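S.K.: My questions will all concern the structure given below.
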Amino acid sequence: MERWQNKVVVVTGASAGIGAVIAADLVKNGFIVVALARREERLQENHRALPENLQSRYYPRTCDVTNEDQVKDTFAWIETKFGGTDVLVNNAGMGVVGVELSAANNTEPIRNILETNIMGVVYCVREAFNSMKNRNFDGHVVIINSITGHYVPIVPFGPLNMYPPSKFAVTAMVETYRQEFANAGTKVKVTVSYLLSSS
Ligand SMILES: NC(=O)c1ccc[n+]([C@@H]2O[C@H](COP(=O)([O-])OP(=O)(O)OC[C@H]3O[C@@H](n4cnc5c(N)ncnc54)[C@H](OP(=O)(O)O)[C@@H]3O)[C@@H](O)[C@H]2O)c1
């Protein structure tokens, strides 16, 4: 961990669930954390829940990862404030359970899943990687994926519709990033975590 002390890590989806835990752990392990999500109040609560001596290392910031302009503004702010992004933990993701992929009038939830789970990753990884590359920094991109990025489970609580396809796309994107980061002559690493369930 020594080489990561005081490095800047961006955690998406840091207001709740897995992202909130990752962000707090990274602060406790010496990182400066920029915690992103849409719900400002939840981010502020997580900030206040940190030990007092670590709170100055946690920067909550509202950012909807489906909004390309917000993502660009956020990473530009990081560039100005800290000099760049050293690590990205791309955790923000969502699903809508119980709507069939073939159901009538399901465009909105399907599109939300694609925008969050795929385009959100595209926008954030692009900004983070270019920050690392431009500074010649051997950073790290971590992507929280799902076991449904490998197979489509039959689940008792209803159809998962576009969630597994979005996570299959992320599986392919990880390999694409690996090739691109190497082809660009960088040593930026990409790591993927295939979660089964947090419960
Ligand atoms: N929990 C599991 O069992 C499990 C299993 C496999 C994979 N995963 C994956 O692990 C990741 C985290 O899951 P989780 O269970 O911790 O989810 P969660 O508890 O529902 O939390 C999701 C987080 O993502 C944020 N988020 C959602 N849409 C966003 C957007 N458009 N812009 C910015 N932030 C957004 C939410 O914050 P706001 O609402 O405040 O924006 C929240 O902080 C996801 O990628 C998920 O697919 C989870």
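Chains: A, B, ... in order of the structure tokens. Residues: from 1 per chain. Ligands: from 1, in order shown.
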Pull the closest atom pair for each residue of chain A that gets at most 6 Å from ligand 1, along with the distance in Å to one decimal, counting only C-alpha atoms and all ligand atoms, ordering rows by chain and then ascending residue number, as CSV.
M.R.:
```
residue,atom,partner,partner_atom_place_in_ligand_line,distance
A:Thr12,CA,ligand 1,34 (N),5.9
A:Gly13,CA,ligand 1,24 (O),3.4
A:Ala14,CA,ligand 1,43 (O),4.5
A:Ser15,CA,ligand 1,43 (O),3.8
A:Ala16,CA,ligand 1,43 (O),4.0
A:Gly17,CA,ligand 1,16 (O),3.5
A:Ile18,CA,ligand 1,16 (O),3.7
A:Gly19,CA,ligand 1,16 (O),5.7
A:Ala37,CA,ligand 1,34 (N),3.9
A:Arg38,CA,ligand 1,41 (O),3.5
A:Arg39,CA,ligand 1,40 (O),3.7
A:Cys63,CA,ligand 1,33 (C),5.7
A:Asp64,CA,ligand 1,32 (N),3.5
A:Val65,CA,ligand 1,32 (N),4.0
A:Thr66,CA,ligand 1,31 (N),5.0
A:Asn91,CA,ligand 1,45 (O),4.7
A:Ala92,CA,ligand 1,24 (O),3.7
A:Gly93,CA,ligand 1,45 (O),3.5
A:Met94,CA,ligand 1,47 (O),5.5
A:Thr116,CA,ligand 1,31 (N),5.2
A:Ile144,CA,ligand 1,45 (O),5.4
A:Asn145,CA,ligand 1,7 (C),5.4
A:Ser146,CA,ligand 1,7 (C),3.8
A:Leu195,CA,ligand 1,6 (C),4.1
A:Leu196,CA,ligand 1,5 (C),4.9
A:Ser197,CA,ligand 1,3 (O),3.1
A:Ser198,CA,ligand 1,3 (O),3.8
```
S.K.: Give one line per residue of stretch 70-121 of chain A that approaches stretch 166-180 of chain A to at most 7 Å, naming the two atoms of the closest pair and their distance in Å to one decimal, counting only C-alpha atoms; sort by chain then ascending residue number and deliver it as a tab-separated table.
M.R.:
```
residue	atom	partner	partner_atom	distance
A:Leu114	CA	A:Ser166	CA	6.2
A:Asn117	CA	A:Ser166	CA	6.1
A:Ile118	CA	A:Ser166	CA	6.3
```
S.K.: A:Val10, A:Pro159, A:Asp25, A:Ile147: which is nearest A:Val99, counting only C-alpha atoms?
M.R.: A:Pro159
S.K.: I need the residues of stretch 3-125 of chain A that end up classed as helix (DSSP H, G or I) by DSSP on the backbone, written out as a PyMOL selection string.
M.R.: chain A and resi 3-4+17-28+40-49+52-57+68-82+107-125
S.K.: At a cut-off of 8 Å, using only C-alpha atoms, what residues contact stretch 40-47 of chain A? Leave out same-chain residues fewer than 5 positions from it and give the result as a PyMOL selection string.
M.R.: chain A and resi 14-16+20+24+35+55+58-62
S.K.: For the strand (DSSP E or B) assignment from backbone DSSP, which residues of stretch 102-143 of chain A qualify? Please present them as a PyMOL selection string.
M.R.: chain A and resi 140-143
S.K.: How far is it from atom CA of A:Pro153 to atom CA of A:Pro109, in Å with one decimal?
M.R.: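 Calculated distance between atom CA of A:Pro153 and atom CA of A:Pro109 is 19.4 Å.
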S.K.: What is the atom CA of A:Ser131-atom CA of A:Gly84 distance in Å, reported with one decimal?
M.R.: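 Spanning atom CA of A:Ser131 to atom CA of A:Gly84 is a straight-line distance of 5.7 Å.
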S.K.: Residues at most 8 Å from A:Phe75, counting only C-alpha atoms, excluding those fewer than 4 positions away in the same chain, as number ranges by chain?
M.R.: A: 71, 79, 84-85, 127-128
S.K.: Let's have the selection written as a compact mmCIF listing (two decimals), in the first residue's frame, with N, CA, C and O atoms.
M.R.:
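As written to disk, out.txt reads:
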```txt
# COMPACT_ATOMS: atom_id res chain seq x y z
N VAL A 71 -19.74 14.37 -15.53
CA VAL A 71 -18.53 13.55 -15.34
C VAL A 71 -17.29 14.35 -15.77
O VAL A 71 -16.29 14.40 -15.04
N GLU A 79 -8.64 17.48 -11.51
CA GLU A 79 -7.36 17.86 -12.14
C GLU A 79 -6.85 19.18 -11.52
O GLU A 79 -5.68 19.30 -11.18
N GLY A 84 -4.78 15.44 -10.64
CA GLY A 84 -5.21 14.33 -11.49
C GLY A 84 -5.82 13.20 -10.69
O GLY A 84 -5.82 13.20 -9.46
N THR A 85 -6.32 12.21 -11.44
CA THR A 85 -6.91 11.01 -10.83
C THR A 85 -5.89 9.88 -10.92
O THR A 85 -5.38 9.57 -12.00
N GLU A 127 -12.17 9.56 -18.72
CA GLU A 127 -11.57 10.72 -18.06
C GLU A 127 -10.41 10.30 -17.15
O GLU A 127 -9.35 10.93 -17.14
N ALA A 128 -10.63 9.22 -16.39
CA ALA A 128 -9.59 8.79 -15.44
C ALA A 128 -8.34 8.32 -16.19
O ALA A 128 -7.22 8.70 -15.84
```
S.K.: Between atom CA of A:Val11 and atom CA of A:Phe31, what is the distance in Å, rounded to a tenth?
M.R.: 11.2 Å
S.K.: Select, from A:Val89, A:Gly83, A:Gly30, A:Thr74, the residue with the minimum atom-to-atom distance to A:Val192, counting only C-alpha atoms.
M.R.: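 Counting only C-alpha atoms, the residue closest to A:Val192 is A:Val89.
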S.K.: Of the candidates A:Thr186, A:Asn134, A:Asn161, A:Thr80, which shows the shortest atom-to-atom distance to A:Arg111, using only C-alpha atoms?
M.R.: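 Answer, going by the shortest atom-to-atom distance: A:Asn161.
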S.K.: Return the single residue from A:His150, A:Lys133, A:Lys7, A:Lys72 that is closest to A:Ile32, with distances computed using only C-alpha atoms.
M.R.: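 Closest residue, counting only C-alpha atoms: A:Lys7.
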